[in-house]
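Trainee: Dropping the structure in here first, questions after.
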Amino acid sequence: MDGMCLTEMEDPAEEVQEAEEGLVGITFGDVGSTSLQCNICNPADKGEYVMIDHPTAGLVLGQIDQIERKTNVSIEKAMELSEGKDVEIEETMVGHIHVIGYRDSRGLLKIPGNPFRAGEKILLADEKLIRDVLGLKNDSTGAYIGKLQGHDIPVSLNINSIAQKHLSVLAKTGSGKSYTTGVVIEEMMKHDVTMVILDPHGEYSSMARPGNVDPSNDFDVKPHGFGDIMTEFSPNPEINPGSRPLNFTFKNMRAIELLDMMGMSKTKSNKTALEAATSRLEALKGYYGIPDLIQLLKKNEEDDMSSMIRNLEDLDSKGLFSPEGTRMDEIVQKGKTSIVNLKGTPPDVQGFVVNRLCTALFELRKRNKIPPMMLFAEEAHNFCPQQGKIESSEIFQTIASEGRKFGLGLALITQRAAKVDKNVLSQCNTQIILKVTNPNDLRAIESSVEGITKDMTEEIQRLPVGEAIVSGGGLSEPLIIDVRPRESQDGGESIKVV
Ligand SMILES: Nc1ncnc2c1ncn2[C@@H]1O[C@H](COP(=O)(O)OP(=O)(O)OP(=O)(O)O)[C@@H](O)[C@H]1O
Ligand SMILES: [Mg+2]
């Protein structure tokens, strides 16, 4: 052993090789304090973190934005090549680097106030500098969502920042939105965050069971099910066995809401007939339900109520109403998660359920009747669309703009960023963006995500499944991460057709 160390130390050739190992290149040309260029003398990739010594600031972190191959191949030389002639080609690789900064003595992220030196070495950044400058602490109080792409550095988001300032998870279909949202939810559950998850496809109930993560995974993730702190509710317990019934009192139902749910046109005569009947019921007794309303309508001899009665009977058969209604303090329990499984619930009924539920959550939170919590909305474009107003549009706008004051955080998950109300989307200060290719969605992301560069928009279109760009959530700048595997069972696995 001793002999080996001695040889290593005494071999000058090896020492030189070690010193050069991390060398990316040397700065040249006009040198600024926010961007630099260098030749590339060792293989390096776009996105790589590098470090440069600055005359006064010391070691500063940067990142390679672009690598270009500069050549002397002119059009004339290209023509000679196409004629099969021998042409000598000279080429140099040039790297363009943007400066991220350094931490000053107070720990603040700073960019040097004066330029770097030309002729300075650009080295691959060491992990300690990356962690320090990007503020990536090994922090058990954060939400561990993955590792910095290409590095063994865990990335954790600040849980309070996610919950208070709202979250969006944006990606085209099949890119891993639900999988990644599941990772965030697992972290929130481990940190006792109270949650309600609006789940149109019934994908999240599987989180009750441990997943089948590869035991030798690089992320230190172990299988874990969360059944002990999860409860599932559904307006359709027969379609979603194991879920508790979610229903509402019929009292205070407005004529317009009823017509919406029955898919009936909101004509003056329909509205008047319903309003007259409901206000009579209101005056008559405490509790009333759809059968009481039907009875009254049957007595209406002036108008033909047969189609309205048929629709009301149909609505009654859906079991959405009960004398008591599901209690909100049963759905929202401190440190617990409730899945609202809307699988099998028709879209117009989903609109009603989501509106009633979210309005109740907001009102109760305002009066501090339920604990501070986070509301997740999958397929959010269906609940707060950019075009057209639906039942739940207004409550989503209210929660997005006022929820923070009252300890009600919002997480929007959508495959169509452009189709979500941009007033709601722009209130989400933490973003997890997976692959997006639709130009309208990319524009919507660009305009609602702070600090996103043109380069990143390019990157978003090429992200493979499992990689995400994360911004906000306490990070000093947007980062590309490898999403960690799920601890719990993933309910969104694609179904093979053959
Ligand atoms: N980080 C990951 N690691 C491993 N598998 C993943 C990862 N992300 C996604 N997947 C897999 O990719 C597939 C699609 O993921 P997911 O269902 O989350 O996509 P989605 O964006 O929610 O799609 P949809 O728009 O259809 O809801 C699933 O089979 C999922 O298991
Ligand atoms: Mg999904």
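Chain identifiers are assigned as A, B, and so on, following the order in which chains appear in the structure tokens; residues are numbered from 1 within each chain, and ligands are numbered from 1 in order of appearance.
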With the cut-off set at 8 Å and counting only C-alpha atoms and all ligand atoms, tabulate each residue of chain A with an atom at most that distance from an atom of ligand 1, showing the nearest atom pair and its distance in Å to one decimal, ordered by chain and increasing number, as a Markdown table.

Mentor:
```
| residue | atom | partner | partner_atom_place_in_ligand_line | distance |
| --- | --- | --- | --- | --- |
| A:Ala171 | CA | ligand 1 | 21 (O) | 6.0 |
| A:Lys172 | CA | ligand 1 | 21 (O) | 6.0 |
| A:Thr173 | CA | ligand 1 | 25 (O) | 3.1 |
| A:Gly174 | CA | ligand 1 | 23 (O) | 3.4 |
| A:Ser175 | CA | ligand 1 | 21 (O) | 4.0 |
| A:Gly176 | CA | ligand 1 | 18 (O) | 3.2 |
| A:Lys177 | CA | ligand 1 | 21 (O) | 3.8 |
| A:Ser178 | CA | ligand 1 | 18 (O) | 3.7 |
| A:Tyr179 | CA | ligand 1 | 18 (O) | 3.7 |
| A:Thr180 | CA | ligand 1 | 8 (N) | 6.2 |
| A:Thr181 | CA | ligand 1 | 18 (O) | 7.8 |
| A:Glu379 | CA | ligand 1 | 27 (O) | 7.8 |
| A:Thr414 | CA | ligand 1 | 25 (O) | 7.5 |
| A:Gln415 | CA | ligand 1 | 25 (O) | 5.7 |
| A:Val465 | CA | ligand 1 | 8 (N) | 5.4 |
| A:Gly466 | CA | ligand 1 | 1 (N) | 3.5 |
| A:Glu467 | CA | ligand 1 | 1 (N) | 6.7 |
| A:Asp482 | CA | ligand 1 | 1 (N) | 7.2 |
| A:Val483 | CA | ligand 1 | 1 (N) | 4.9 |
| A:Arg484 | CA | ligand 1 | 1 (N) | 6.2 |
| A:Pro485 | CA | ligand 1 | 3 (N) | 5.6 |
| A:Arg486 | CA | ligand 1 | 3 (N) | 7.6 |
| A:Asp490 | CA | ligand 1 | 31 (O) | 6.1 |
| A:Gly491 | CA | ligand 1 | 17 (O) | 7.6 |
| A:Gly492 | CA | ligand 1 | 17 (O) | 4.1 |
| A:Glu493 | CA | ligand 1 | 29 (O) | 3.5 |
| A:Ser494 | CA | ligand 1 | 29 (O) | 4.4 |
| A:Ile495 | CA | ligand 1 | 29 (O) | 7.9 |
```

Trainee: For the selection you just gave me, I'd like the residues written to a file as a short mmCIF file (atom, residue, chain, number, x, y, z; two decimals), in the first residue's frame, keeping N, CA and C atoms.

Mentor:
```
data_model
loop_
_atom_site.label_atom_id
_atom_site.label_comp_id
_atom_site.auth_asym_id
_atom_site.auth_seq_id
_atom_site.Cartn_x
_atom_site.Cartn_y
_atom_site.Cartn_z
N ALA A 171 -46.50 19.84 -18.34
CA ALA A 171 -45.84 18.96 -19.30
C ALA A 171 -46.85 18.39 -20.28
N LYS A 172 -46.35 17.98 -21.44
CA LYS A 172 -47.27 17.36 -22.40
C LYS A 172 -47.68 15.99 -21.88
N THR A 173 -48.70 15.45 -22.49
CA THR A 173 -49.21 14.17 -21.99
C THR A 173 -48.14 13.06 -22.05
N GLY A 174 -48.11 12.27 -21.04
CA GLY A 174 -47.19 11.13 -20.99
C GLY A 174 -45.77 11.50 -20.61
N SER A 175 -45.53 12.74 -20.17
CA SER A 175 -44.15 13.14 -19.85
C SER A 175 -43.79 12.95 -18.39
N GLY A 176 -44.76 12.54 -17.58
CA GLY A 176 -44.42 12.25 -16.18
C GLY A 176 -44.96 13.26 -15.18
N LYS A 177 -46.02 13.99 -15.53
CA LYS A 177 -46.60 14.97 -14.59
C LYS A 177 -47.09 14.28 -13.32
N SER A 178 -47.92 13.24 -13.52
CA SER A 178 -48.53 12.61 -12.35
C SER A 178 -47.48 11.89 -11.51
N TYR A 179 -46.51 11.27 -12.19
CA TYR A 179 -45.43 10.58 -11.49
C TYR A 179 -44.67 11.58 -10.60
N THR A 180 -44.29 12.72 -11.20
CA THR A 180 -43.51 13.73 -10.48
C THR A 180 -44.35 14.38 -9.39
N THR A 181 -45.64 14.63 -9.69
CA THR A 181 -46.51 15.20 -8.66
C THR A 181 -46.59 14.23 -7.48
N GLU A 379 -55.27 17.88 -13.99
CA GLU A 379 -56.04 18.33 -15.16
C GLU A 379 -56.67 19.69 -14.85
N THR A 414 -51.12 20.29 -15.21
CA THR A 414 -51.82 20.34 -16.49
C THR A 414 -50.93 19.98 -17.67
N GLN A 415 -51.58 19.44 -18.70
CA GLN A 415 -50.83 19.13 -19.92
C GLN A 415 -50.98 20.27 -20.93
N VAL A 465 -38.25 11.69 -20.47
CA VAL A 465 -39.06 11.35 -19.29
C VAL A 465 -38.10 11.12 -18.12
N GLY A 466 -38.40 11.72 -16.98
CA GLY A 466 -37.53 11.54 -15.81
C GLY A 466 -36.68 12.76 -15.52
N GLU A 467 -36.66 13.73 -16.49
CA GLU A 467 -35.91 14.97 -16.22
C GLU A 467 -36.88 16.13 -16.18
N ASP A 482 -32.84 15.22 -12.25
CA ASP A 482 -33.33 13.86 -12.50
C ASP A 482 -34.32 13.59 -11.38
N VAL A 483 -35.58 13.39 -11.76
CA VAL A 483 -36.62 13.18 -10.75
C VAL A 483 -36.34 11.85 -10.02
N ARG A 484 -36.47 11.85 -8.71
CA ARG A 484 -36.19 10.62 -7.96
C ARG A 484 -37.31 9.60 -8.19
N PRO A 485 -37.00 8.31 -8.01
CA PRO A 485 -38.07 7.31 -8.17
C PRO A 485 -39.13 7.47 -7.08
N ARG A 486 -40.29 6.91 -7.35
CA ARG A 486 -41.40 6.98 -6.40
C ARG A 486 -41.20 5.96 -5.29
N ASP A 490 -47.04 3.82 -8.40
CA ASP A 490 -47.41 4.80 -9.42
C ASP A 490 -48.70 4.33 -10.08
N GLY A 491 -49.73 5.18 -10.01
CA GLY A 491 -51.02 4.76 -10.56
C GLY A 491 -51.24 5.19 -11.99
N GLY A 492 -50.24 5.85 -12.60
CA GLY A 492 -50.46 6.40 -13.94
C GLY A 492 -49.74 5.64 -15.02
N GLU A 493 -49.31 4.39 -14.70
CA GLU A 493 -48.53 3.66 -15.69
C GLU A 493 -49.32 3.48 -16.98
N SER A 494 -48.65 3.74 -18.11
CA SER A 494 -49.32 3.64 -19.41
C SER A 494 -49.80 2.21 -19.64
N ILE A 495 -50.97 2.09 -20.25
CA ILE A 495 -51.54 0.77 -20.50
C ILE A 495 -51.13 0.32 -21.89
#
```

Trainee: Would you pick out the contacts of A:Asp314 at 12 Å or less, using only C-alpha atoms, so that residues sharing its chain but fewer than 5 positions from it are not included, and give the list as a PDB file with N, CA, C and O atoms, in the first residue's frame?

Mentor:
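Dumped everything to result_35.pdb:
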```pdb
ATOM      1  N   LEU A 258     -78.186  23.951 -10.706  1.00  0.00           N
ATOM      2  CA  LEU A 258     -78.976  22.755 -11.004  1.00  0.00           C
ATOM      3  C   LEU A 258     -79.122  22.560 -12.508  1.00  0.00           C
ATOM      4  O   LEU A 258     -78.929  21.450 -13.028  1.00  0.00           O
ATOM      5  N   MET A 261     -75.912  21.271 -13.960  1.00  0.00           N
ATOM      6  CA  MET A 261     -75.661  19.855 -13.661  1.00  0.00           C
ATOM      7  C   MET A 261     -76.564  18.926 -14.452  1.00  0.00           C
ATOM      8  O   MET A 261     -76.213  17.787 -14.734  1.00  0.00           O
ATOM      9  N   MET A 262     -77.759  19.444 -14.792  1.00  0.00           N
ATOM     10  CA  MET A 262     -78.688  18.591 -15.544  1.00  0.00           C
ATOM     11  C   MET A 262     -78.479  18.755 -17.042  1.00  0.00           C
ATOM     12  O   MET A 262     -79.131  18.104 -17.844  1.00  0.00           O
ATOM     13  N   GLY A 263     -77.564  19.655 -17.412  1.00  0.00           N
ATOM     14  CA  GLY A 263     -77.313  19.907 -18.829  1.00  0.00           C
ATOM     15  C   GLY A 263     -78.510  20.554 -19.511  1.00  0.00           C
ATOM     16  O   GLY A 263     -78.716  20.370 -20.712  1.00  0.00           O
ATOM     17  N   ILE A 290     -84.021  16.549  -3.403  1.00  0.00           N
ATOM     18  CA  ILE A 290     -84.566  16.572  -4.768  1.00  0.00           C
ATOM     19  C   ILE A 290     -86.004  16.024  -4.794  1.00  0.00           C
ATOM     20  O   ILE A 290     -86.857  16.597  -5.472  1.00  0.00           O
ATOM     21  N   PRO A 291     -86.329  14.922  -4.045  1.00  0.00           N
ATOM     22  CA  PRO A 291     -87.705  14.411  -4.123  1.00  0.00           C
ATOM     23  C   PRO A 291     -88.733  15.473  -3.720  1.00  0.00           C
ATOM     24  O   PRO A 291     -89.798  15.570  -4.332  1.00  0.00           O
ATOM     25  N   ILE A 294     -89.174  17.787  -6.649  1.00  0.00           N
ATOM     26  CA  ILE A 294     -89.957  17.140  -7.712  1.00  0.00           C
ATOM     27  C   ILE A 294     -91.447  17.218  -7.373  1.00  0.00           C
ATOM     28  O   ILE A 294     -92.269  17.556  -8.225  1.00  0.00           O
ATOM     29  N   SER A 307     -89.859  17.329 -18.523  1.00  0.00           N
ATOM     30  CA  SER A 307     -88.442  17.085 -18.824  1.00  0.00           C
ATOM     31  C   SER A 307     -87.569  17.480 -17.625  1.00  0.00           C
ATOM     32  O   SER A 307     -86.599  16.780 -17.284  1.00  0.00           O
ATOM     33  N   MET A 308     -87.942  18.572 -16.951  1.00  0.00           N
ATOM     34  CA  MET A 308     -87.181  18.985 -15.766  1.00  0.00           C
ATOM     35  C   MET A 308     -87.266  17.890 -14.687  1.00  0.00           C
ATOM     36  O   MET A 308     -86.262  17.556 -14.039  1.00  0.00           O
ATOM     37  N   ILE A 309     -88.465  17.313 -14.514  1.00  0.00           N
ATOM     38  CA  ILE A 309     -88.651  16.271 -13.496  1.00  0.00           C
ATOM     39  C   ILE A 309     -87.807  15.038 -13.823  1.00  0.00           C
ATOM     40  O   ILE A 309     -87.127  14.473 -12.954  1.00  0.00           O
ATOM     41  N   GLY A 319     -76.788  10.206  -6.370  1.00  0.00           N
ATOM     42  CA  GLY A 319     -76.401  10.136  -4.954  1.00  0.00           C
ATOM     43  C   GLY A 319     -75.475  11.258  -4.510  1.00  0.00           C
ATOM     44  O   GLY A 319     -74.676  11.081  -3.591  1.00  0.00           O
ATOM     45  N   LEU A 320     -75.566  12.419  -5.185  1.00  0.00           N
ATOM     46  CA  LEU A 320     -74.668  13.528  -4.849  1.00  0.00           C
ATOM     47  C   LEU A 320     -75.112  14.295  -3.616  1.00  0.00           C
ATOM     48  O   LEU A 320     -74.359  15.083  -3.070  1.00  0.00           O
TER      49      LEU A 320
END
```

Trainee: Identify, with DSSP run on backbone atoms, the residues in stretch 389-474 of chain A assigned to strand (DSSP E or B), and express the list as JSON, numbers by chain.

Mentor: {"A": [408, 409, 410, 411, 412, 413, 414, 420, 430, 431, 432, 433, 467, 468, 469, 470, 471]}

Trainee: Can those selected residues be exported to a file as a short mmCIF file (atom, residue, chain, number, x, y, z; two decimals), in the first residue's frame so that it contains all heavy atoms?

Mentor:
```cif
data_model
loop_
_atom_site.label_atom_id
_atom_site.label_comp_id
_atom_site.auth_asym_id
_atom_site.auth_seq_id
_atom_site.Cartn_x
_atom_site.Cartn_y
_atom_site.Cartn_z
N LEU A 408 -53.80 28.49 2.42
CA LEU A 408 -54.37 27.50 1.49
C LEU A 408 -53.53 27.54 0.22
O LEU A 408 -53.66 28.46 -0.60
CB LEU A 408 -55.85 27.81 1.21
CG LEU A 408 -56.56 26.91 0.20
CD1 LEU A 408 -56.43 25.44 0.59
CD2 LEU A 408 -58.04 27.26 0.10
N GLY A 409 -52.65 26.56 0.08
CA GLY A 409 -51.75 26.50 -1.09
C GLY A 409 -52.42 25.74 -2.22
O GLY A 409 -53.26 24.87 -1.99
N LEU A 410 -52.01 26.06 -3.45
CA LEU A 410 -52.62 25.45 -4.62
C LEU A 410 -51.53 24.81 -5.47
O LEU A 410 -50.45 25.38 -5.63
CB LEU A 410 -53.32 26.57 -5.41
CG LEU A 410 -54.12 26.20 -6.64
CD1 LEU A 410 -55.31 25.33 -6.25
CD2 LEU A 410 -54.64 27.47 -7.33
N ALA A 411 -51.79 23.61 -5.99
CA ALA A 411 -50.87 23.00 -6.96
C ALA A 411 -51.68 22.66 -8.21
O ALA A 411 -52.69 21.96 -8.11
CB ALA A 411 -50.23 21.74 -6.38
N LEU A 412 -51.27 23.21 -9.34
CA LEU A 412 -51.99 22.96 -10.59
C LEU A 412 -51.16 22.01 -11.43
O LEU A 412 -49.96 22.22 -11.62
CB LEU A 412 -52.14 24.26 -11.39
CG LEU A 412 -52.86 25.42 -10.73
CD1 LEU A 412 -52.83 26.62 -11.66
CD2 LEU A 412 -54.30 25.04 -10.43
N ILE A 413 -51.80 20.97 -11.94
CA ILE A 413 -51.09 20.03 -12.80
C ILE A 413 -51.84 20.04 -14.13
O ILE A 413 -53.07 19.88 -14.15
CB ILE A 413 -51.10 18.61 -12.19
CG1 ILE A 413 -50.40 18.64 -10.82
CG2 ILE A 413 -50.41 17.59 -13.09
CD1 ILE A 413 -51.32 18.47 -9.67
N THR A 414 -51.12 20.29 -15.21
CA THR A 414 -51.82 20.34 -16.49
C THR A 414 -50.93 19.98 -17.67
O THR A 414 -49.72 20.19 -17.62
CB THR A 414 -52.44 21.73 -16.74
OG1 THR A 414 -53.15 21.71 -17.98
CG2 THR A 414 -51.38 22.82 -16.79
N VAL A 420 -54.89 26.98 -19.32
CA VAL A 420 -55.21 27.30 -17.92
C VAL A 420 -55.28 28.82 -17.78
O VAL A 420 -54.46 29.53 -18.37
CB VAL A 420 -54.11 26.76 -16.98
CG1 VAL A 420 -54.37 27.18 -15.54
CG2 VAL A 420 -54.04 25.26 -17.07
N THR A 430 -43.66 28.26 -7.75
CA THR A 430 -42.74 27.13 -7.95
C THR A 430 -43.25 26.39 -9.18
O THR A 430 -44.45 26.12 -9.28
CB THR A 430 -42.77 26.17 -6.74
OG1 THR A 430 -42.38 26.90 -5.58
CG2 THR A 430 -41.82 25.00 -6.93
N GLN A 431 -42.34 26.13 -10.11
CA GLN A 431 -42.75 25.38 -11.31
C GLN A 431 -41.89 24.15 -11.50
O GLN A 431 -40.69 24.20 -11.31
CB GLN A 431 -42.61 26.24 -12.58
CG GLN A 431 -43.56 27.38 -12.70
CD GLN A 431 -43.00 28.65 -12.10
OE1 GLN A 431 -41.83 28.70 -11.73
NE2 GLN A 431 -43.82 29.66 -12.01
N ILE A 432 -42.57 23.06 -11.84
CA ILE A 432 -41.85 21.86 -12.26
C ILE A 432 -42.28 21.64 -13.70
O ILE A 432 -43.47 21.43 -13.97
CB ILE A 432 -42.20 20.65 -11.37
CG1 ILE A 432 -41.82 20.96 -9.92
CG2 ILE A 432 -41.48 19.40 -11.86
CD1 ILE A 432 -42.08 19.83 -8.94
N ILE A 433 -41.33 21.77 -14.61
CA ILE A 433 -41.68 21.69 -16.03
C ILE A 433 -40.99 20.47 -16.63
O ILE A 433 -39.77 20.31 -16.50
CB ILE A 433 -41.26 22.96 -16.77
CG1 ILE A 433 -41.85 24.19 -16.06
CG2 ILE A 433 -41.71 22.92 -18.22
CD1 ILE A 433 -41.19 25.48 -16.44
N GLU A 467 -36.66 13.73 -16.49
CA GLU A 467 -35.91 14.97 -16.22
C GLU A 467 -36.88 16.13 -16.18
O GLU A 467 -37.85 16.16 -16.93
CB GLU A 467 -34.87 15.22 -17.33
CG GLU A 467 -33.64 14.37 -17.17
CD GLU A 467 -32.57 14.67 -18.21
OE1 GLU A 467 -32.56 15.78 -18.77
OE2 GLU A 467 -31.76 13.78 -18.46
N ALA A 468 -36.58 17.10 -15.31
CA ALA A 468 -37.48 18.25 -15.17
C ALA A 468 -36.68 19.51 -14.94
O ALA A 468 -35.56 19.46 -14.41
CB ALA A 468 -38.41 18.02 -13.98
N ILE A 469 -37.27 20.63 -15.36
CA ILE A 469 -36.69 21.93 -14.99
C ILE A 469 -37.50 22.43 -13.80
O ILE A 469 -38.73 22.45 -13.85
CB ILE A 469 -36.77 22.93 -16.16
CG1 ILE A 469 -35.83 22.46 -17.27
CG2 ILE A 469 -36.41 24.35 -15.70
CD1 ILE A 469 -35.65 23.43 -18.41
N VAL A 470 -36.81 22.79 -12.74
CA VAL A 470 -37.50 23.23 -11.54
C VAL A 470 -37.09 24.67 -11.24
O VAL A 470 -35.91 25.02 -11.32
CB VAL A 470 -37.12 22.36 -10.32
CG1 VAL A 470 -37.94 22.74 -9.11
CG2 VAL A 470 -37.31 20.91 -10.64
N SER A 471 -38.09 25.49 -10.95
CA SER A 471 -37.81 26.90 -10.68
C SER A 471 -38.59 27.33 -9.44
O SER A 471 -39.68 26.82 -9.19
CB SER A 471 -38.25 27.68 -11.92
OG SER A 471 -38.53 28.99 -11.62
#
```

Trainee: List the spatial neighbours of A:Ser206 as a PyMOL selection string - criterion: any atom at most 12 Å away, only C-alpha atoms, same-chain residues fewer than 3 positions off excluded.

Mentor: chain A and resi 178-179+182+186+199+201-203+209-212+224-227+230-232+242+339+341+486-493

Trainee: Do you know which residues are at most 6 Å from A:Gly95 counting only C-alpha atoms, after dropping those on the same chain fewer than 6 positions away, and could you put them as a list in words?

Mentor: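 Returned residues: Gln37, Cys38, Gln66 and Ile67 of chain A.
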
Trainee: Write a file of the just-selected residues containing N, CA, C and O atoms, as an mmCIF file, in the first residue's frame.

Mentor:
```cif
data_model
loop_
_atom_site.group_PDB
_atom_site.id
_atom_site.type_symbol
_atom_site.label_atom_id
_atom_site.label_comp_id
_atom_site.auth_asym_id
_atom_site.auth_seq_id
_atom_site.Cartn_x
_atom_site.Cartn_y
_atom_site.Cartn_z
ATOM 1 N N GLN A 37 -16.143 33.517 -22.682
ATOM 2 C CA GLN A 37 -15.975 32.421 -23.643
ATOM 3 C C GLN A 37 -14.615 31.782 -23.433
ATOM 4 O O GLN A 37 -13.685 32.440 -22.948
ATOM 5 N N CYS A 38 -14.523 30.501 -23.790
ATOM 6 C CA CYS A 38 -13.249 29.795 -23.626
ATOM 7 C C CYS A 38 -13.107 28.774 -24.744
ATOM 8 O O CYS A 38 -14.106 28.390 -25.355
ATOM 9 N N GLN A 66 -23.544 27.145 -24.313
ATOM 10 C CA GLN A 66 -23.462 26.698 -25.706
ATOM 11 C C GLN A 66 -22.044 26.251 -25.984
ATOM 12 O O GLN A 66 -21.107 26.800 -25.411
ATOM 13 N N ILE A 67 -21.891 25.240 -26.869
ATOM 14 C CA ILE A 67 -20.557 24.905 -27.358
ATOM 15 C C ILE A 67 -20.615 24.956 -28.889
ATOM 16 O O ILE A 67 -21.513 24.365 -29.499
#
```

Trainee: I'd like to know which residues of stretch 109-208 of chain A are helix (DSSP H, G or I) (by DSSP, run on the backbone); could you write them as an NGL selection string?

Mentor: :A and (127-134 or 159-165 or 177-190 or 205-208)

Trainee: I'd like to know which of A:Val73, A:Val169, A:Leu312, A:Val349 is closest to ligand 2, using only C-alpha atoms and all ligand atoms.

Mentor: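 The shortest atom-to-atom distance to ligand 2 comes from A:Val169.
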
Trainee: Compile the contact shell of A:Arg117 as a VMD selection string: residues with an atom at most 12 Å away, counting only C-alpha atoms, same-chain residues fewer than 4 positions apart removed.

Mentor: chain A and resid 26 to 33 35 to 38 52 to 58 112 121 to 122
